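Q: First the structure, which I've put down as structure tokens, then a few questions once you've had a look.
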Protein chains: 2
Amino acid sequence: MESCEHDKRKCPSHLSTTECTKQLLPVKDALDILSGKWKLQIILSLTFGKKRFKQIQREIPGLTPKMLSKELKELEINELASRHVYDTLPVTVEYELTPYGKTLKPLIGELHKWGTKHRKRIIARG
Amino acid sequence: MESCEHDKRKCPSHLSTTECTKQLLPVKDALDILSGKWKLQIILSLTFGKKRFKQIQREIPGLTPKMLSKELKELEINELASRHVYDTLPVTVEYELTPYGKTLKPLIGELHKWGTKHRKRIIARG
DNA sequence: GATATCGGTATACTTTTGGATACTACTATG
DNA sequence: CATAGTAGTATCCAAAAGTATACCGATATC
């Protein structure tokens with residue numbers, strides 16, 4: 001009962017295990033630099049335009065300076081955001097999305113779209 | 001609260017802080033149930049069709065049964081996936097996306113698309 | 001003179017995540 | 001009889017993520 005039958009049940013979409021794993025690789029790579037509680041929120045904030053450190057922190061409730069600092073460094077390392085220091089007093093530091101970071105806009109757009117529907121759903125249910 | 005000048009610098013895209021925060025809410029809600037290392041990978045795996053526990057584990061390298069079990073429970077709680085037990089020997093358990101879970105497909109699609117480009121980029125750079 | 005703002009850092013802590021290994025009861029295969 | 005696969009759970013531990021709070025030197029504001 002379980003031999004040929006069985007294999008079909010294991011991967012009903014006619015993809016083999018290794019093919020499925022291969023499909024997962026790009027998603028894993030993306031998640032490696034995007035996952036976590038704050039990164040995509042910060043990126044969304046920056047899609048509205050360049051922002052200063054405290055301004056980002058003010059916009060994202062619960063985000064501590066320590067986490068923001070850490071996340072911004074990682075975004076810089078991955079070339080998604082850039083940091084600009086201006087010689088004012090007190091010093092002005094602005095962050096903005098790099099052109100590469102801007103390629104995330106469609107993804108962020110989908111996330112926002114799905115999130116909006118999901119939010120309605122969970123609010124409706126309490 | 002503060003001067004006009006100041007407000008412009010703080011939010012260059014003419015969105016106020018509270019407006020930015022409001023835009024962030026749906027994204028935060030989405031991330032609450034999707035963020036983490038495994039959840040979106042599991043969902044992607046299930047977009048190919050219903051899968052059994054061990055099959056999912058086999059497809060996602062590094063995923064331990066403990067984590068998979070935990071993540072699947074959370075997906076169930078959030079009504080993104082469903083669990084079906086069949087009375088075979090040994091027992092057969094299948095997981096599949098709920099209709100609500102399937103609404104994530106466009107998002108997963110964008111993630112896969114961006115991830116594919118990103119993967120090329122990081123492989124090219126070593 | 002006290003307070004607030006700027007862009008962070010320092011320290012200490014808790015929670016979550018992840019990892020390794022072993023184990024269950026049962027069956028099918030070799 | 002030994003091994004492997006089924007769907008997980010149990011235990012212990014390490015590492016990462018996140019939280020809370022305080023602090024810095026500067027300047028601008030009340």
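Each chain in the structure tokens gets a letter, A, B and so on, in the order shown; residues start at 1 in every chain, and ligands are counted from 1 in the order they appear.
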Do me a favour and pick out the residues of chain A within 9 Å of chain B, using only C-alpha atoms, as a PDB file with N, CA and C atoms, in the first residue's frame.

A:
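Saved file part-v1.pdb follows:
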ATOM      1  N   ARG A   9       2.378  10.631  -2.051  1.00  0.00           N
ATOM      2  CA  ARG A   9       1.839  11.405  -0.948  1.00  0.00           C
ATOM      3  C   ARG A   9       2.890  12.321  -0.343  1.00  0.00           C
ATOM      4  N   LYS A  10       4.160  11.869  -0.399  1.00  0.00           N
ATOM      5  CA  LYS A  10       5.213  12.665   0.217  1.00  0.00           C
ATOM      6  C   LYS A  10       5.445  13.982  -0.519  1.00  0.00           C
ATOM      7  N   CYS A  11       5.262  14.014  -1.780  1.00  0.00           N
ATOM      8  CA  CYS A  11       5.474  15.254  -2.519  1.00  0.00           C
ATOM      9  C   CYS A  11       4.422  15.361  -3.620  1.00  0.00           C
ATOM     10  N   PRO A  12       3.231  15.713  -3.244  1.00  0.00           N
ATOM     11  CA  PRO A  12       2.091  15.635  -4.148  1.00  0.00           C
ATOM     12  C   PRO A  12       2.200  16.529  -5.374  1.00  0.00           C
ATOM     13  N   SER A  13       3.067  17.507  -5.295  1.00  0.00           N
ATOM     14  CA  SER A  13       3.131  18.438  -6.419  1.00  0.00           C
ATOM     15  C   SER A  13       4.168  17.993  -7.435  1.00  0.00           C
ATOM     16  N   HIS A  14       4.526  16.737  -7.440  1.00  0.00           N
ATOM     17  CA  HIS A  14       5.494  16.164  -8.371  1.00  0.00           C
ATOM     18  C   HIS A  14       6.877  16.802  -8.303  1.00  0.00           C
ATOM     19  N   LEU A  15       7.170  17.479  -7.209  1.00  0.00           N
ATOM     20  CA  LEU A  15       8.527  17.979  -7.008  1.00  0.00           C
ATOM     21  C   LEU A  15       9.243  17.023  -6.056  1.00  0.00           C
ATOM     22  N   THR A  17      12.162  15.919  -3.276  1.00  0.00           N
ATOM     23  CA  THR A  17      12.659  16.596  -2.075  1.00  0.00           C
ATOM     24  C   THR A  17      13.763  17.582  -2.408  1.00  0.00           C
ATOM     25  N   THR A  18      14.718  17.134  -3.211  1.00  0.00           N
ATOM     26  CA  THR A  18      15.834  18.033  -3.510  1.00  0.00           C
ATOM     27  C   THR A  18      15.401  19.227  -4.350  1.00  0.00           C
ATOM     28  N   GLU A  19      14.384  19.023  -5.178  1.00  0.00           N
ATOM     29  CA  GLU A  19      13.881  20.167  -5.951  1.00  0.00           C
ATOM     30  C   GLU A  19      13.206  21.185  -5.047  1.00  0.00           C
ATOM     31  N   CYS A  20      12.452  20.679  -4.062  1.00  0.00           N
ATOM     32  CA  CYS A  20      11.825  21.565  -3.084  1.00  0.00           C
ATOM     33  C   CYS A  20      12.884  22.336  -2.317  1.00  0.00           C
ATOM     34  N   THR A  21      13.912  21.627  -1.882  1.00  0.00           N
ATOM     35  CA  THR A  21      14.991  22.277  -1.137  1.00  0.00           C
ATOM     36  C   THR A  21      15.627  23.380  -1.958  1.00  0.00           C
ATOM     37  N   LYS A  22      15.774  23.111  -3.262  1.00  0.00           N
ATOM     38  CA  LYS A  22      16.393  24.089  -4.145  1.00  0.00           C
ATOM     39  C   LYS A  22      15.540  25.357  -4.255  1.00  0.00           C
ATOM     40  N   GLN A  23      14.237  25.155  -4.329  1.00  0.00           N
ATOM     41  CA  GLN A  23      13.315  26.293  -4.367  1.00  0.00           C
ATOM     42  C   GLN A  23      13.416  27.126  -3.103  1.00  0.00           C
ATOM     43  N   LEU A  24      13.790  26.457  -2.018  1.00  0.00           N
ATOM     44  CA  LEU A  24      13.838  27.146  -0.732  1.00  0.00           C
ATOM     45  C   LEU A  24      15.077  28.012  -0.563  1.00  0.00           C
ATOM     46  N   LEU A  25      16.135  27.708  -1.302  1.00  0.00           N
ATOM     47  CA  LEU A  25      17.396  28.415  -1.105  1.00  0.00           C
ATOM     48  C   LEU A  25      17.290  29.937  -1.194  1.00  0.00           C
ATOM     49  N   PRO A  26      16.688  30.464  -2.253  1.00  0.00           N
ATOM     50  CA  PRO A  26      16.606  31.927  -2.337  1.00  0.00           C
ATOM     51  C   PRO A  26      15.797  32.538  -1.191  1.00  0.00           C
ATOM     52  N   VAL A  27      14.765  31.830  -0.777  1.00  0.00           N
ATOM     53  CA  VAL A  27      13.952  32.327   0.334  1.00  0.00           C
ATOM     54  C   VAL A  27      14.780  32.358   1.617  1.00  0.00           C
ATOM     55  N   LYS A  28      15.561  31.327   1.811  1.00  0.00           N
ATOM     56  CA  LYS A  28      16.438  31.288   2.971  1.00  0.00           C
ATOM     57  C   LYS A  28      17.444  32.440   2.942  1.00  0.00           C
ATOM     58  N   ASP A  29      18.024  32.688   1.778  1.00  0.00           N
ATOM     59  CA  ASP A  29      18.986  33.787   1.655  1.00  0.00           C
ATOM     60  C   ASP A  29      18.340  35.122   1.976  1.00  0.00           C
ATOM     61  N   ALA A  30      17.126  35.312   1.493  1.00  0.00           N
ATOM     62  CA  ALA A  30      16.421  36.560   1.767  1.00  0.00           C
ATOM     63  C   ALA A  30      16.148  36.688   3.258  1.00  0.00           C
ATOM     64  N   LEU A  31      15.659  35.607   3.846  1.00  0.00           N
ATOM     65  CA  LEU A  31      15.329  35.650   5.272  1.00  0.00           C
ATOM     66  C   LEU A  31      16.561  35.901   6.136  1.00  0.00           C
ATOM     67  N   ASP A  32      17.711  35.396   5.667  1.00  0.00           N
ATOM     68  CA  ASP A  32      18.936  35.594   6.441  1.00  0.00           C
ATOM     69  C   ASP A  32      19.185  37.064   6.745  1.00  0.00           C
ATOM     70  N   SER A  35      14.978  38.700   8.217  1.00  0.00           N
ATOM     71  CA  SER A  35      14.125  38.218   9.297  1.00  0.00           C
ATOM     72  C   SER A  35      14.445  38.889  10.617  1.00  0.00           C
ATOM     73  N   GLY A  36      13.554  38.749  11.540  1.00  0.00           N
ATOM     74  CA  GLY A  36      13.649  39.443  12.810  1.00  0.00           C
ATOM     75  C   GLY A  36      12.481  40.394  12.959  1.00  0.00           C
ATOM     76  N   LYS A  37      12.397  40.934  14.117  1.00  0.00           N
ATOM     77  CA  LYS A  37      11.227  41.734  14.478  1.00  0.00           C
ATOM     78  C   LYS A  37      11.244  43.128  13.857  1.00  0.00           C
ATOM     79  N   TRP A  38      12.427  43.663  13.603  1.00  0.00           N
ATOM     80  CA  TRP A  38      12.511  45.096  13.292  1.00  0.00           C
ATOM     81  C   TRP A  38      12.909  45.440  11.871  1.00  0.00           C
ATOM     82  N   LEU A  40      12.305  44.743   8.684  1.00  0.00           N
ATOM     83  CA  LEU A  40      11.381  45.150   7.627  1.00  0.00           C
ATOM     84  C   LEU A  40      10.591  46.397   8.021  1.00  0.00           C
ATOM     85  N   GLN A  41      10.358  46.564   9.314  1.00  0.00           N
ATOM     86  CA  GLN A  41       9.701  47.785   9.759  1.00  0.00           C
ATOM     87  C   GLN A  41      10.593  48.994   9.498  1.00  0.00           C
ATOM     88  N   LEU A  44      10.600  49.699   5.798  1.00  0.00           N
ATOM     89  CA  LEU A  44       9.362  50.390   5.413  1.00  0.00           C
ATOM     90  C   LEU A  44       9.427  51.854   5.790  1.00  0.00           C
ATOM     91  N   SER A  45       9.888  52.128   6.984  1.00  0.00           N
ATOM     92  CA  SER A  45      10.011  53.514   7.424  1.00  0.00           C
ATOM     93  C   SER A  45      10.888  54.308   6.458  1.00  0.00           C
ATOM     94  N   PHE A  48       9.683  55.764   2.974  1.00  0.00           N
ATOM     95  CA  PHE A  48       9.003  57.062   2.929  1.00  0.00           C
ATOM     96  C   PHE A  48       9.990  58.211   2.754  1.00  0.00           C
ATOM     97  N   GLY A  49      11.275  57.890   2.792  1.00  0.00           N
ATOM     98  CA  GLY A  49      12.278  58.934   2.635  1.00  0.00           C
ATOM     99  C   GLY A  49      13.379  58.801   3.671  1.00  0.00           C
ATOM    100  N   LYS A  50      14.424  59.586   3.511  1.00  0.00           N
ATOM    101  CA  LYS A  50      15.540  59.491   4.453  1.00  0.00           C
ATOM    102  C   LYS A  50      15.097  59.929   5.840  1.00  0.00           C
ATOM    103  N   LYS A  51      15.694  59.309   6.830  1.00  0.00           N
ATOM    104  CA  LYS A  51      15.273  59.542   8.206  1.00  0.00           C
ATOM    105  C   LYS A  51      16.479  59.648   9.125  1.00  0.00           C
ATOM    106  N   ARG A  52      16.257  60.365  10.233  1.00  0.00           N
ATOM    107  CA  ARG A  52      17.297  60.447  11.252  1.00  0.00           C
ATOM    108  C   ARG A  52      17.060  59.374  12.316  1.00  0.00           C
ATOM    109  N   LYS A  54      16.797  59.203  15.643  1.00  0.00           N
ATOM    110  CA  LYS A  54      15.725  59.357  16.629  1.00  0.00           C
ATOM    111  C   LYS A  54      14.346  59.347  15.985  1.00  0.00           C
ATOM    112  N   GLN A  55      14.297  59.819  14.747  1.00  0.00           N
ATOM    113  CA  GLN A  55      13.011  59.843  14.056  1.00  0.00           C
ATOM    114  C   GLN A  55      12.509  58.429  13.779  1.00  0.00           C
ATOM    115  N   ILE A  56      13.404  57.568  13.338  1.00  0.00           N
ATOM    116  CA  ILE A  56      13.033  56.163  13.119  1.00  0.00           C
ATOM    117  C   ILE A  56      12.562  55.554  14.432  1.00  0.00           C
ATOM    118  N   ARG A  58      11.307  57.017  16.970  1.00  0.00           N
ATOM    119  CA  ARG A  58      10.025  57.582  17.370  1.00  0.00           C
ATOM    120  C   ARG A  58       8.871  56.928  16.603  1.00  0.00           C
ATOM    121  N   GLU A  59       9.133  56.579  15.361  1.00  0.00           N
ATOM    122  CA  GLU A  59       8.071  56.024  14.517  1.00  0.00           C
ATOM    123  C   GLU A  59       7.736  54.575  14.839  1.00  0.00           C
ATOM    124  N   ILE A  60       8.737  53.833  15.305  1.00  0.00           N
ATOM    125  CA  ILE A  60       8.527  52.407  15.540  1.00  0.00           C
ATOM    126  C   ILE A  60       8.426  52.153  17.040  1.00  0.00           C
ATOM    127  N   PRO A  61       7.209  51.966  17.528  1.00  0.00           N
ATOM    128  CA  PRO A  61       6.995  51.815  18.961  1.00  0.00           C
ATOM    129  C   PRO A  61       7.696  50.586  19.513  1.00  0.00           C
ATOM    130  N   THR A 103      14.981  48.013  -4.137  1.00  0.00           N
ATOM    131  CA  THR A 103      14.423  46.866  -4.873  1.00  0.00           C
ATOM    132  C   THR A 103      13.533  46.011  -3.970  1.00  0.00           C
ATOM    133  N   LEU A 104      13.535  46.310  -2.677  1.00  0.00           N
ATOM    134  CA  LEU A 104      12.665  45.579  -1.748  1.00  0.00           C
ATOM    135  C   LEU A 104      11.244  46.124  -1.748  1.00  0.00           C
ATOM    136  N   PRO A 106       8.632  46.194  -3.815  1.00  0.00           N
ATOM    137  CA  PRO A 106       7.501  45.301  -4.126  1.00  0.00           C
ATOM    138  C   PRO A 106       7.231  44.298  -3.007  1.00  0.00           C
ATOM    139  N   LEU A 107       8.285  43.784  -2.421  1.00  0.00           N
ATOM    140  CA  LEU A 107       8.127  42.841  -1.311  1.00  0.00           C
ATOM    141  C   LEU A 107       7.449  43.516  -0.121  1.00  0.00           C
ATOM    142  N   ILE A 108       7.955  44.679   0.238  1.00  0.00           N
ATOM    143  CA  ILE A 108       7.353  45.441   1.338  1.00  0.00           C
ATOM    144  C   ILE A 108       5.895  45.751   1.008  1.00  0.00           C
ATOM    145  N   GLY A 109       5.651  46.058  -0.254  1.00  0.00           N
ATOM    146  CA  GLY A 109       4.281  46.356  -0.682  1.00  0.00           C
ATOM    147  C   GLY A 109       3.358  45.177  -0.429  1.00  0.00           C
ATOM    148  N   GLU A 110       3.797  43.983  -0.788  1.00  0.00           N
ATOM    149  CA  GLU A 110       2.989  42.788  -0.563  1.00  0.00           C
ATOM    150  C   GLU A 110       2.791  42.533   0.927  1.00  0.00           C
ATOM    151  N   LEU A 111       3.843  42.760   1.679  1.00  0.00           N
ATOM    152  CA  LEU A 111       3.772  42.554   3.122  1.00  0.00           C
ATOM    153  C   LEU A 111       2.732  43.505   3.728  1.00  0.00           C
ATOM    154  N   HIS A 112       2.771  44.735   3.265  1.00  0.00           N
ATOM    155  CA  HIS A 112       1.832  45.736   3.755  1.00  0.00           C
ATOM    156  C   HIS A 112       0.402  45.381   3.364  1.00  0.00           C
ATOM    157  N   LYS A 113       0.268  44.912   2.134  1.00  0.00           N
ATOM    158  CA  LYS A 113      -1.058  44.548   1.627  1.00  0.00           C
ATOM    159  C   LYS A 113      -1.636  43.384   2.426  1.00  0.00           C
ATOM    160  N   TRP A 114      -0.837  42.349   2.565  1.00  0.00           N
ATOM    161  CA  TRP A 114      -1.318  41.182   3.308  1.00  0.00           C
ATOM    162  C   TRP A 114      -1.574  41.556   4.763  1.00  0.00           C
ATOM    163  N   GLY A 115      -0.647  42.334   5.336  1.00  0.00           N
ATOM    164  CA  GLY A 115      -0.778  42.751   6.726  1.00  0.00           C
ATOM    165  C   GLY A 115      -2.060  43.541   6.971  1.00  0.00           C
ATOM    166  N   THR A 116      -2.435  44.336   6.017  1.00  0.00           N
ATOM    167  CA  THR A 116      -3.646  45.146   6.160  1.00  0.00           C
ATOM    168  C   THR A 116      -4.879  44.257   6.252  1.00  0.00           C
ATOM    169  N   LYS A 117      -4.936  43.256   5.365  1.00  0.00           N
ATOM    170  CA  LYS A 117      -6.070  42.326   5.402  1.00  0.00           C
ATOM    171  C   LYS A 117      -6.039  41.513   6.691  1.00  0.00           C
ATOM    172  N   HIS A 118      -4.841  41.073   7.045  1.00  0.00           N
ATOM    173  CA  HIS A 118      -4.708  40.264   8.250  1.00  0.00           C
ATOM    174  C   HIS A 118      -5.118  41.057   9.488  1.00  0.00           C
ATOM    175  N   ARG A 119      -4.725  42.313   9.516  1.00  0.00           N
ATOM    176  CA  ARG A 119      -5.065  43.169  10.650  1.00  0.00           C
ATOM    177  C   ARG A 119      -6.587  43.300  10.808  1.00  0.00           C
ATOM    178  N   LYS A 120      -7.262  43.470   9.687  1.00  0.00           N
ATOM    179  CA  LYS A 120      -8.725  43.549   9.737  1.00  0.00           C
ATOM    180  C   LYS A 120      -9.295  42.266  10.315  1.00  0.00           C
TER     181      LYS A 120
END

Q: Find the residues of chain B that sit at most 9 Å from chain C; for each, write down the nearest two atoms and how far apart they are in Å, to one decimal. Count only C-alpha atoms (C1' of nucleotides). Sort by chain, then by number going up, and give it as JSON lines.

A:
{"residue": "B:Gly36", "atom": "CA", "partner": "C:DT17", "partner_atom": "C1'", "distance": 8.8}
{"residue": "B:Thr64", "atom": "CA", "partner": "C:DG19", "partner_atom": "C1'", "distance": 8.0}
{"residue": "B:Met67", "atom": "CA", "partner": "C:DG18", "partner_atom": "C1'", "distance": 7.8}
{"residue": "B:Leu89", "atom": "CA", "partner": "C:DT27", "partner_atom": "C1'", "distance": 7.0}
{"residue": "B:Pro90", "atom": "CA", "partner": "C:DC26", "partner_atom": "C1'", "distance": 6.3}

Q: Can you write out the residues you just picked, keeping C-alpha atoms, as an mmCIF file, in the first residue's frame?

A:
data_model
loop_
_atom_site.group_PDB
_atom_site.id
_atom_site.type_symbol
_atom_site.label_atom_id
_atom_site.label_comp_id
_atom_site.auth_asym_id
_atom_site.auth_seq_id
_atom_site.Cartn_x
_atom_site.Cartn_y
_atom_site.Cartn_z
ATOM 1 C CA GLY B 36 11.554 34.001 12.349
ATOM 2 C CA THR B 64 14.984 20.036 13.776
ATOM 3 C CA MET B 67 11.398 23.570 15.892
ATOM 4 C CA LEU B 89 -0.102 2.176 10.668
ATOM 5 C CA PRO B 90 2.219 3.850 11.311
#

Q: Write out as number ranges by chain all residues of chain A that backbone DSSP assigns to strand (DSSP E).

A: A: 51-52, 81-86, 92-97

Q: Where does chain A end up after superposition onto chain B over all in-order Cα pairs? Give it as an mmCIF file with C-alpha atoms, in the first residue's frame.

A:
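Below is the file that was written, result_17.cif:
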data_model
loop_
_atom_site.group_PDB
_atom_site.id
_atom_site.type_symbol
_atom_site.label_atom_id
_atom_site.label_comp_id
_atom_site.auth_asym_id
_atom_site.auth_seq_id
_atom_site.Cartn_x
_atom_site.Cartn_y
_atom_site.Cartn_z
ATOM 1 C CA MET A 1 16.603 77.238 12.059
ATOM 2 C CA GLU A 2 15.033 74.194 13.608
ATOM 3 C CA SER A 3 11.343 74.825 14.200
ATOM 4 C CA CYS A 4 9.346 74.520 10.970
ATOM 5 C CA GLU A 5 12.358 73.320 9.000
ATOM 6 C CA HIS A 6 12.895 70.738 11.666
ATOM 7 C CA ASP A 7 9.425 69.200 11.494
ATOM 8 C CA LYS A 8 9.678 68.780 7.785
ATOM 9 C CA ARG A 9 12.936 66.963 8.141
ATOM 10 C CA LYS A 10 11.409 64.636 10.706
ATOM 11 C CA CYS A 11 8.806 63.302 8.318
ATOM 12 C CA PRO A 12 9.741 64.338 4.811
ATOM 13 C CA SER A 13 6.942 62.461 3.155
ATOM 14 C CA HIS A 14 4.304 64.719 4.740
ATOM 15 C CA LEU A 15 3.061 61.894 6.936
ATOM 16 C CA SER A 16 2.762 62.630 10.627
ATOM 17 C CA THR A 17 4.249 60.325 13.217
ATOM 18 C CA THR A 18 0.893 58.878 14.135
ATOM 19 C CA GLU A 19 0.021 58.333 10.492
ATOM 20 C CA CYS A 20 3.274 56.442 9.996
ATOM 21 C CA THR A 21 2.548 54.353 13.067
ATOM 22 C CA LYS A 22 -0.881 53.565 11.680
ATOM 23 C CA GLN A 23 0.619 52.360 8.411
ATOM 24 C CA LEU A 24 2.846 50.089 10.433
ATOM 25 C CA LEU A 25 0.056 48.300 12.283
ATOM 26 C CA PRO A 26 -0.889 45.798 9.576
ATOM 27 C CA VAL A 27 2.762 45.010 8.952
ATOM 28 C CA LYS A 28 3.263 44.379 12.636
ATOM 29 C CA ASP A 29 0.239 42.073 12.724
ATOM 30 C CA ALA A 30 1.564 40.116 9.775
ATOM 31 C CA LEU A 31 5.020 39.836 11.287
ATOM 32 C CA ASP A 32 3.547 38.633 14.568
ATOM 33 C CA ILE A 33 2.579 35.356 12.953
ATOM 34 C CA LEU A 34 5.111 35.142 10.110
ATOM 35 C CA SER A 35 8.397 36.262 11.559
ATOM 36 C CA GLY A 36 11.127 33.927 12.635
ATOM 37 C CA LYS A 37 13.589 31.775 10.845
ATOM 38 C CA TRP A 38 11.351 28.928 9.731
ATOM 39 C CA LYS A 39 7.700 29.885 9.275
ATOM 40 C CA LEU A 40 7.870 31.297 5.775
ATOM 41 C CA GLN A 41 10.141 28.495 4.635
ATOM 42 C CA ILE A 42 7.602 25.968 5.886
ATOM 43 C CA ILE A 43 4.787 27.812 4.172
ATOM 44 C CA LEU A 44 6.729 27.896 0.921
ATOM 45 C CA SER A 45 7.317 24.181 1.202
ATOM 46 C CA LEU A 46 3.573 23.667 1.635
ATOM 47 C CA THR A 47 2.712 25.810 -1.377
ATOM 48 C CA PHE A 48 4.085 22.944 -3.471
ATOM 49 C CA GLY A 49 1.444 20.646 -2.034
ATOM 50 C CA LYS A 50 0.585 18.724 1.100
ATOM 51 C CA LYS A 51 3.539 17.303 2.946
ATOM 52 C CA ARG A 52 4.343 14.875 5.713
ATOM 53 C CA PHE A 53 6.261 15.852 8.839
ATOM 54 C CA LYS A 54 9.530 14.147 7.980
ATOM 55 C CA GLN A 55 9.311 15.301 4.395
ATOM 56 C CA ILE A 56 9.170 18.954 5.423
ATOM 57 C CA GLN A 57 12.069 18.369 7.763
ATOM 58 C CA ARG A 58 14.068 16.728 4.988
ATOM 59 C CA GLU A 59 13.462 19.651 2.650
ATOM 60 C CA ILE A 60 14.485 22.401 5.043
ATOM 61 C CA PRO A 61 18.115 21.966 6.057
ATOM 62 C CA GLY A 62 18.848 22.562 9.716
ATOM 63 C CA LEU A 63 15.231 22.357 10.836
ATOM 64 C CA THR A 64 14.953 20.190 13.939
ATOM 65 C CA PRO A 65 11.792 18.203 14.780
ATOM 66 C CA LYS A 66 11.299 20.292 17.890
ATOM 67 C CA MET A 67 11.184 23.550 15.955
ATOM 68 C CA LEU A 68 9.117 22.076 13.148
ATOM 69 C CA SER A 69 6.599 20.739 15.610
ATOM 70 C CA LYS A 70 6.346 24.091 17.356
ATOM 71 C CA GLU A 71 6.049 26.071 14.139
ATOM 72 C CA LEU A 72 3.400 23.777 12.672
ATOM 73 C CA LYS A 73 1.322 24.151 15.827
ATOM 74 C CA GLU A 74 1.492 27.919 15.502
ATOM 75 C CA LEU A 75 0.533 27.763 11.839
ATOM 76 C CA GLU A 76 -2.462 25.628 12.823
ATOM 77 C CA ILE A 77 -3.511 28.017 15.586
ATOM 78 C CA ASN A 78 -3.390 30.892 13.120
ATOM 79 C CA GLU A 79 -5.386 28.866 10.602
ATOM 80 C CA LEU A 80 -2.702 28.998 7.948
ATOM 81 C CA ALA A 81 -2.109 25.246 7.855
ATOM 82 C CA SER A 82 -4.148 22.169 8.700
ATOM 83 C CA ARG A 83 -3.130 18.777 10.021
ATOM 84 C CA HIS A 84 -4.615 15.516 8.832
ATOM 85 C CA VAL A 85 -4.000 12.167 10.494
ATOM 86 C CA TYR A 86 -4.543 8.953 8.537
ATOM 87 C CA ASP A 87 -5.138 5.673 10.267
ATOM 88 C CA THR A 88 -2.286 3.764 8.684
ATOM 89 C CA LEU A 89 0.554 1.852 10.290
ATOM 90 C CA PRO A 90 2.767 3.611 11.036
ATOM 91 C CA VAL A 91 0.533 6.615 11.268
ATOM 92 C CA THR A 92 0.521 9.085 8.392
ATOM 93 C CA VAL A 93 0.233 12.795 9.130
ATOM 94 C CA GLU A 94 -0.146 15.347 6.391
ATOM 95 C CA TYR A 95 0.018 19.101 6.566
ATOM 96 C CA GLU A 96 -1.405 21.453 4.014
ATOM 97 C CA LEU A 97 -2.128 25.121 3.601
ATOM 98 C CA THR A 98 -5.653 26.198 4.409
ATOM 99 C CA PRO A 99 -7.421 28.450 1.903
ATOM 100 C CA TYR A 100 -6.425 31.298 4.177
ATOM 101 C CA GLY A 101 -2.831 30.125 4.151
ATOM 102 C CA LYS A 102 -2.941 30.141 0.378
ATOM 103 C CA THR A 103 -3.663 33.860 0.403
ATOM 104 C CA LEU A 104 0.003 34.211 1.379
ATOM 105 C CA LYS A 105 1.117 33.040 -2.056
ATOM 106 C CA PRO A 106 1.642 36.522 -3.559
ATOM 107 C CA LEU A 107 3.707 37.512 -0.537
ATOM 108 C CA ILE A 108 5.776 34.341 -0.722
ATOM 109 C CA GLY A 109 6.134 34.977 -4.439
ATOM 110 C CA GLU A 110 7.617 38.420 -3.831
ATOM 111 C CA LEU A 111 9.881 37.046 -1.141
ATOM 112 C CA HIS A 112 11.122 34.383 -3.520
ATOM 113 C CA LYS A 113 11.607 36.907 -6.293
ATOM 114 C CA TRP A 114 13.546 39.341 -4.162
ATOM 115 C CA GLY A 115 15.491 36.507 -2.543
ATOM 116 C CA THR A 116 16.567 35.215 -5.928
ATOM 117 C CA LYS A 117 18.019 38.574 -6.933
ATOM 118 C CA HIS A 118 19.567 39.031 -3.525
ATOM 119 C CA ARG A 119 21.133 35.588 -3.669
ATOM 120 C CA LYS A 120 22.779 36.413 -6.984
ATOM 121 C CA ARG A 121 24.090 39.614 -5.469
ATOM 122 C CA ILE A 122 25.664 38.034 -2.418
ATOM 123 C CA ILE A 123 27.075 35.114 -4.360
ATOM 124 C CA ALA A 124 28.639 37.528 -6.858
ATOM 125 C CA ARG A 125 30.331 39.419 -4.030
ATOM 126 C CA GLY A 126 31.431 36.239 -2.263
#

Q: Find the nearest atom pair between each residue of chain D and chain A for residues within 8 Å, count only C-alpha atoms (C1' of nucleotides), give distances in Å to one decimal, sort rows by chain and ascending number, and present the table as a Markdown table.

A:
| residue | atom | partner | partner_atom | distance |
| --- | --- | --- | --- | --- |
| D:DG18 | C1' | A:Met67 | CA | 7.7 |
| D:DA26 | C1' | A:Pro90 | CA | 6.3 |
| D:DT27 | C1' | A:Pro90 | CA | 6.3 |

Q: List every residue of chain A that DSSP, applied to the backbone, labels as helix (DSSP H, G or I), and write the result as a PyMOL selection string.

A: chain A and resi 4-10+17-34+39-47+53-59+65-77+99-102+105-125
